[in-house]
Every structure is written in structure tokens, then in C-alpha cells.
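Asker: A single structure is presented below for examination.
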Amino acid sequence: MKTNVCVLGAGRMGSSIVRTLLNQSYPTSVWNRTVVKCKPLAALGAKVASSVEDGIRAADIVIINVLDYAASDALLKHESITSALVGKTIVQLTSGSPRLAREEAGWVEAHGAGYLDGAIMATPDFIGKPETTLLYSGSREVYERHKALLFALGGGTSYVGEVPGQASALDTALLTQMWGGLFGALQGMAVTEAEGVSLDTFRSHLSAFKPVVDGALFDVVERTKAGRFAGDDATLASLGAHHSAFQHLLEACEERGLNAAIPRAMAAIFQEALSVGSSDDDFASLSPVFRNRSRSQNSEPANA
Ligand code: NAD
């Protein structure tokens, strides 16, 4: 017998979750603030819960996927609901910060329910695919018990750790890396266009450059892990070499009147690292600047 699931929230993502669960034959009920969004799901076999409380009472596992934690709190934090939570499992798939995840876990567990906090590293069309990653943190016991259902939502599902905010932290970190690349592409397009290079040409060179960028990316992670900030024989390009090339971006922005907000912020970070280190250092010597730490403190865990 498959677990009874209730999904709270039938937006783009919630609806995709419901469709996937139905495809995998999970008995699934759904509730949404406006019932109209539940109708197509009902046509596929979902039961429409008449209220949040009814949905929770009828389910073993409740998946929440609404806009944000404020919306989720507004659904859960009522006396009638808290009594319905006892013995249930809550899987929070609404995006939130690590702090919100920690607070939510404490609140849910204090009301007698199991809790897992999840981060969906995909768009709705990827839910249920073998390669799709959802990250979870919180109770390992809950994760193990519901593994089959969790993997039904994405074959690349992964447990990050017992601290409930860890999945959100990893989500934020991965998105930060993505935004870095996307903001970089926006800046790069402004530079290429200003110099009469077409975006097609820019695009055509991205793929060939990608392995080089990926190499530098993994190198900076490995060096930061090991605290290897001084330049050495394995250094790919020194801080000084990066800084010198970076001046060309500042100059292009200045000369062509481009938005230099991000380059200026990057320039300040370069300067901070150079003021305490040297141009012979590795690029990874920028890492402690992001933690507001000196190099010697860098490898200490945040909660030490
Ligand atoms: P959406 O706008 O399509 O749906 C939002 C849902 O939240 C709707 O069902 C709406 O009724 C509900 N909602 C909003 N305010 C509410 C309130 N006050 N009370 C009750 N319900 C309320 O958004 P979505 O794309 O489905 O995203 C849902 C969650 O999934 C968000 O936290 C989002 O960050 C996360 N997420 C989305 C994607 C994506 O690609 N769409 C990817 C990863 C994570």
C-alpha cells in the first residue's frame, strides 16, 4: 500500500508534484487557496481536500509547496491544524532561508510531527525525472522512511544533513553560483555589443570556454577547503594576473558608459584581498574576504 499524500499548494510546482505522485499511483489529495487550480488535478485522479485540516487528517505525509514560508505559516499555525499534525510527516518544499527551515523544523517537531525540509533544484517540468535533484535536510529517519516517495519526485534526490537549514543553504549556494554566471553573462553581453561583437559570436564561444571555467571553479573550491591561498606550482592564474585582466572590464565599462555596479563591487573585493595578501597569491585568496575572516580563521566551521 502506498502512502497517502496531501499536497498543500497547486501552483506551477505543486501541480507538477501532484501529477507526478498520481502517475506513480500514490493516493494524493490536494488543497489550494483557490480551488480552481485543483480542478485539472481532480480530473487526473487527485482528491480535492475541502480544507487544510481535512487534507492533513486524511494523509500520512503532507507536502507543502506554496509561495513562501509566510503563506505556509498562515496555513499551519492554527489550533485546529496543530492538533491534526500529531504523528504526521511534513515535507516542506516551499523555498525559504536556512533560518526559516530551522524554526519550522522546531515548531513542527514540537507539535508531534516529523519534518524534512526540501529544496527543489529544478523547474516544474523536471519533477519526476531520473536526473532531477531535490535536496533534503532534517530528520534522517523521516528521509529513510519516505525515500521511495521522495525519489518518485526526482531520481537525483539527495540527503544533505540533519540540520534542517542545510538543504536551503545548499540551494542558496548553488543559486548564488548560477546568478554569478548569469550576471556575468549580462555584463559580458554589454561589453561584446559595445565593441561590435555579435551575441551569436559571444554565444558560440561560451561552450569552448566552459571547461576552463569549470576547472577554475572546482580548483577554487578545493583550495578553499584546504586553505591553500598562497600561489604555488599548481596555481592556474595568480591573483595579480586575474586583477590585471579585470582592469580591462573596468576600462571597457568606463569608456563605453556601461553599468559598472558589479565590476565596482568586484574591484573592492580584489583590493581587500590584495591589501592583506600579495599579487602572487592564488585567486582562492579572495575566499576569506567573503567570510569576513582572516586567512588563518578561514577553515574554522561557522558554528565553532
Ligand atoms: P506559483 O506562483 O505558481 O504558486 C504559488 C502557490 O502558492 C499557489 O498555489 C498559491 O495559491 C499559493 N499561495 C500564495 N500565497 C498564499 C497564501 N497566502 N496562502 C495560501 N497559499 C498561497 O509558484 P510556484 O512556481 O509553484 O512556486 C511554489 C514554491 O516552489 C515557491 O516557494 C518556489 O520558490 C518554489 N520553487 C519553484 C520553482 C519553479 O521553477 N517554479 C523551482 C524551485 C522551487
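Naming scheme: A, B, ... for chains in displayed order of the C-alpha cells; residues 1 onward per chain; ligands 1 onward as shown.
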Would you list the contacts of His111 in chain A as a list in words, taking every protein, DNA or RNA residue within 12 Å and counting only C-alpha atoms, but skipping same-chain residues closer than 4 positions in sequence?

Answerer: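 Here the answer would be Leu76, Lys77, His78, Glu79, Ser80, Ile81, Thr82, Ser83, Ala84, Leu85, Val86, Gly87, Lys88, Thr89, Ile90, Glu104, Ala105, Gly106, Trp107 and Tyr115 of chain A.
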
Asker: If you count only C-alpha atoms, which residues fall within 12 Å of range 187-189 of chain A, apart from same-chain ones fewer than 2 positions away, as an NGL selection string?

Answerer: :A and (179-185 or 191-203 or 205-206 or 248-250 or 252-253 or 258-263)

Asker: Next, the residues of the selection above should be written as a short mmCIF file (atom, residue, chain, number, x, y, z; two decimals), in the first residue's frame with N, CA, C and O atoms.

Answerer:
```
data_model
loop_
_atom_site.label_atom_id
_atom_site.label_comp_id
_atom_site.auth_asym_id
_atom_site.auth_seq_id
_atom_site.Cartn_x
_atom_site.Cartn_y
_atom_site.Cartn_z
N TRP A 179 23.65 32.63 -10.29
CA TRP A 179 23.47 34.08 -10.51
C TRP A 179 24.80 34.73 -10.89
O TRP A 179 24.83 35.63 -11.71
N GLY A 180 25.88 34.26 -10.26
CA GLY A 180 27.19 34.79 -10.62
C GLY A 180 27.43 34.64 -12.11
O GLY A 180 27.85 35.57 -12.81
N GLY A 181 27.15 33.45 -12.63
CA GLY A 181 27.34 33.17 -14.06
C GLY A 181 26.38 33.98 -14.92
O GLY A 181 26.77 34.52 -15.96
N LEU A 182 25.12 34.08 -14.47
CA LEU A 182 24.13 34.80 -15.29
C LEU A 182 24.39 36.31 -15.29
O LEU A 182 24.32 36.96 -16.34
N PHE A 183 24.72 36.86 -14.11
CA PHE A 183 25.07 38.29 -14.06
C PHE A 183 26.33 38.53 -14.90
O PHE A 183 26.45 39.54 -15.59
N GLY A 184 27.26 37.60 -14.84
CA GLY A 184 28.47 37.71 -15.64
C GLY A 184 28.14 37.72 -17.13
O GLY A 184 28.72 38.47 -17.91
N ALA A 185 27.18 36.87 -17.53
CA ALA A 185 26.78 36.82 -18.95
C ALA A 185 26.14 38.14 -19.36
O ALA A 185 26.39 38.65 -20.46
N VAL A 191 29.46 44.25 -22.84
CA VAL A 191 30.81 44.56 -23.34
C VAL A 191 30.95 44.18 -24.81
O VAL A 191 31.42 44.97 -25.63
N THR A 192 30.52 42.95 -25.14
CA THR A 192 30.70 42.50 -26.54
C THR A 192 29.92 43.39 -27.50
O THR A 192 30.47 43.81 -28.53
N GLU A 193 28.69 43.70 -27.15
CA GLU A 193 27.87 44.54 -28.04
C GLU A 193 28.49 45.92 -28.21
O GLU A 193 28.50 46.47 -29.32
N ALA A 194 28.98 46.47 -27.09
CA ALA A 194 29.57 47.83 -27.14
C ALA A 194 30.76 47.87 -28.10
O ALA A 194 31.07 48.91 -28.67
N GLU A 195 31.41 46.72 -28.27
CA GLU A 195 32.59 46.67 -29.16
C GLU A 195 32.26 46.07 -30.52
O GLU A 195 33.16 45.70 -31.28
N GLY A 196 30.96 45.92 -30.79
CA GLY A 196 30.54 45.45 -32.11
C GLY A 196 30.69 43.96 -32.34
O GLY A 196 30.69 43.49 -33.48
N VAL A 197 30.83 43.19 -31.26
CA VAL A 197 30.87 41.72 -31.40
C VAL A 197 29.43 41.23 -31.20
O VAL A 197 28.77 41.62 -30.23
N SER A 198 28.96 40.38 -32.10
CA SER A 198 27.55 39.96 -32.01
C SER A 198 27.35 38.99 -30.85
O SER A 198 28.28 38.28 -30.43
N LEU A 199 26.11 38.95 -30.39
CA LEU A 199 25.79 38.00 -29.32
C LEU A 199 25.89 36.56 -29.81
O LEU A 199 26.18 35.65 -29.03
N ASP A 200 25.68 36.35 -31.11
CA ASP A 200 25.87 34.99 -31.66
C ASP A 200 27.32 34.56 -31.51
O ASP A 200 27.62 33.41 -31.17
N THR A 201 28.24 35.50 -31.78
CA THR A 201 29.67 35.17 -31.63
C THR A 201 29.98 34.89 -30.16
O THR A 201 30.67 33.91 -29.84
N PHE A 202 29.48 35.75 -29.27
CA PHE A 202 29.68 35.54 -27.83
C PHE A 202 29.17 34.15 -27.45
O PHE A 202 29.87 33.35 -26.82
N ARG A 203 27.96 33.84 -27.90
CA ARG A 203 27.35 32.55 -27.56
C ARG A 203 28.20 31.38 -28.08
O ARG A 203 28.39 30.39 -27.39
N HIS A 205 31.22 31.05 -28.39
CA HIS A 205 32.47 30.79 -27.67
C HIS A 205 32.25 30.32 -26.23
O HIS A 205 33.21 29.93 -25.56
N LEU A 206 30.99 30.38 -25.78
CA LEU A 206 30.73 30.00 -24.38
C LEU A 206 31.06 28.54 -24.11
O LEU A 206 31.66 28.20 -23.10
N HIS A 248 40.58 45.45 -17.50
CA HIS A 248 40.05 45.67 -18.85
C HIS A 248 38.53 45.79 -18.81
O HIS A 248 37.94 46.50 -19.62
N LEU A 249 37.92 45.07 -17.89
CA LEU A 249 36.47 45.18 -17.74
C LEU A 249 36.10 46.57 -17.23
O LEU A 249 35.19 47.22 -17.75
N LEU A 250 36.83 47.02 -16.20
CA LEU A 250 36.55 48.36 -15.65
C LEU A 250 36.72 49.42 -16.74
O LEU A 250 35.89 50.33 -16.88
N ALA A 252 36.56 49.04 -20.05
CA ALA A 252 35.52 48.94 -21.08
C ALA A 252 34.21 49.58 -20.59
O ALA A 252 33.53 50.28 -21.35
N CYS A 253 33.88 49.37 -19.31
CA CYS A 253 32.65 49.95 -18.75
C CYS A 253 32.74 51.47 -18.76
O CYS A 253 31.80 52.16 -19.15
N LEU A 258 29.04 51.75 -19.72
CA LEU A 258 28.24 50.58 -19.31
C LEU A 258 28.02 50.60 -17.80
O LEU A 258 28.79 51.22 -17.06
N ASN A 259 27.01 49.90 -17.37
CA ASN A 259 26.74 49.79 -15.92
C ASN A 259 27.90 49.05 -15.25
O ASN A 259 28.21 47.91 -15.61
N ALA A 260 28.52 49.72 -14.29
CA ALA A 260 29.71 49.12 -13.67
C ALA A 260 29.46 48.76 -12.20
O ALA A 260 30.42 48.59 -11.43
N ALA A 261 28.20 48.61 -11.81
CA ALA A 261 27.90 48.34 -10.39
C ALA A 261 28.57 47.04 -9.93
O ALA A 261 29.20 47.00 -8.86
N ILE A 262 28.44 45.99 -10.72
CA ILE A 262 29.03 44.71 -10.32
C ILE A 262 30.55 44.75 -10.43
O ILE A 262 31.24 44.36 -9.47
N PRO A 263 31.13 45.22 -11.55
CA PRO A 263 32.60 45.34 -11.58
C PRO A 263 33.15 46.16 -10.42
O PRO A 263 34.20 45.80 -9.88
#
```

Asker: Between A:Asp60, A:Asp73, A:Glu255, A:Asp54, which one has atoms that come closest to ligand 1, using only C-alpha atoms and all ligand atoms?

Answerer: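 Using only C-alpha atoms and all ligand atoms, ligand 1 sits closest to A:Asp73.
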
Asker: With only C-alpha atoms and all ligand atoms as the basis for distance, which of A:Glu53, A:Asp233, A:Ile120, A:Tyr26 is at the shortest distance from ligand 1?

Answerer: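 Among the listed residues, the smallest separation from ligand 1 belongs to A:Ile120.
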
Asker: 6 Å from ligand 1 is the threshold here; counting only C-alpha atoms and all ligand atoms, which polymer residues fall inside it? Answer as a list in words.

Answerer: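 Here is the list of contacting residues: Gly9, Ala10, Gly11, Arg12, Met13, Gly14, Asn32, Arg33, Asn65, Val66, Leu67, Asp68, Ala71, Thr94, Ser95, Ile120, Met121, Ala122, Thr123 and Pro124 of chain A.
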
Asker: With only C-alpha atoms as the basis for distance, which of A:Met266, A:Ala119, A:Val142, A:Val212 is at the shortest distance from Ala173 in chain A?

Answerer: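 Using only C-alpha atoms, Ala173 in chain A sits closest to A:Ala119.
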
Asker: I need the strand (DSSP E) residues of range 81-284 of chain A per DSSP on the backbone, written as a PyMOL selection string.

Answerer: chain A and resi 89-92+114-120+134-138+158-161

Asker: Rank A:Val5, A:Val276, A:Ala208, A:Ala46 by their smallest atom-to-atom distance to His146 in chain A, using only C-alpha atoms, and report the top residue only.

Answerer: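 Smallest distance to His146 in chain A is found for A:Val5.
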
Asker: Give me the residues within 12 Å of Ser50 in chain A as a ChimeraX atom specification, counting only C-alpha atoms and dropping any in the same chain fewer than 3 places off.

Answerer: /A:6,8,29-35,38,47,53-58
